[in-house]
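Structure first, commentary second.
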Amino acid sequence: MEASERVRFEALYGQHLKALKLQGKAPQTVDGYARAVRRVAAFFDRCPDRLSAEDVKNYLAWLIDTRSWSLVKIERCGLQFFYRHVLEREWQWVEMVKAPVLILTDTWCQVAARSAHAG
């Protein structure tokens with residue numbers, strides 16, 4: 001990230017931390033949401049205020065392919081918070097990421113039931 005971009009990022013990141021504190025977020029939430037903003041900035045090597053919807057879609061698709069579902073949700077929520085409370089922009093990509101649908105088969109349920117009773 002160029003020096004001027006880094007200065008802008010640090011200012012926005014500071015605002016992000018302050019907004020999280022003012023919202024009374026739990027320490028773990030602050031940590032996860034702050035990490036989301038740092039990670040997306042590092043991924044694109046630019047300040048997140050300059051990302052397009054397509055950039056965010058590509059980033060979230062990469063996360064889905066490489067990280068756990070729980071991390072994907074934290075990152076999405078962290079970015080959403082950043083856009084709404086720091087940039088004061090509407091988060092237009094709320095429906096961008098949805099939880100995977102899990103269809104439980106009879107066989108899977110039987111195996112799970114046996115495992116629960118055996119343990």
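We name chains A, B, ... following the order of the structure tokens; residues begin at 1 in each chain, and ligands are numbered from 1 as shown.
Using only C-alpha atoms, the residues found no farther than 10 Å from Tyr33 (chain A), other than those of its own chain fewer than 5 positions away, are A:His16, A:Leu17, A:Leu20, A:Lys25, A:Pro27, A:Gln28, A:Arg38, A:Arg39, A:Ile74, A:Glu75, A:Arg76, A:Cys77, A:Gly78, A:Leu79, A:Gln80, A:Phe81, A:Phe82.
With only C-alpha atoms as the atoms that count, the minimum distance from Ala53 (chain A) to the choices A:Gln15, A:Trp91, A:Gly32, A:Lys21 is reached by A:Trp91.
With CA of Asp49 (chain A) on one side and CA of Glu5 (chain A) on the other, the separation reads 10.2 Å.
Note that the spacing between CA of Gly24 (chain A) and CA of Glu88 (chain A) amounts to 18.3 Å.
Among the candidates A:Lys57, A:Cys47, A:Arg89, A:Tyr83, the residue lying nearest to Ser4 (chain A) is A:Cys47 (atoms considered: only C-alpha atoms).
Remark: for Leu51 (chain A), the closest of the candidate residues A:Leu87, A:Thr66, A:Lys18, A:Leu71 is A:Leu87 (distances computed over only C-alpha atoms).
The residue set within 12 Å of Arg6 (chain A), counting only C-alpha atoms and dropping same-chain residues fewer than 2 places from it, reads Met1, Glu2, Ala3, Ser4, Arg8, Phe9, Glu10, Ala11, Leu12, Tyr13, Arg38, Ala41, Ala42, Asp45, Arg46, Cys47, Pro48 and Asp49 of chain A.
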Notebook entry, point to check: In Å, with one decimal, what is the gap from CA of Ala61 (chain A) to CA of Gln23 (chain A)?
Noted result: 28.5 Å
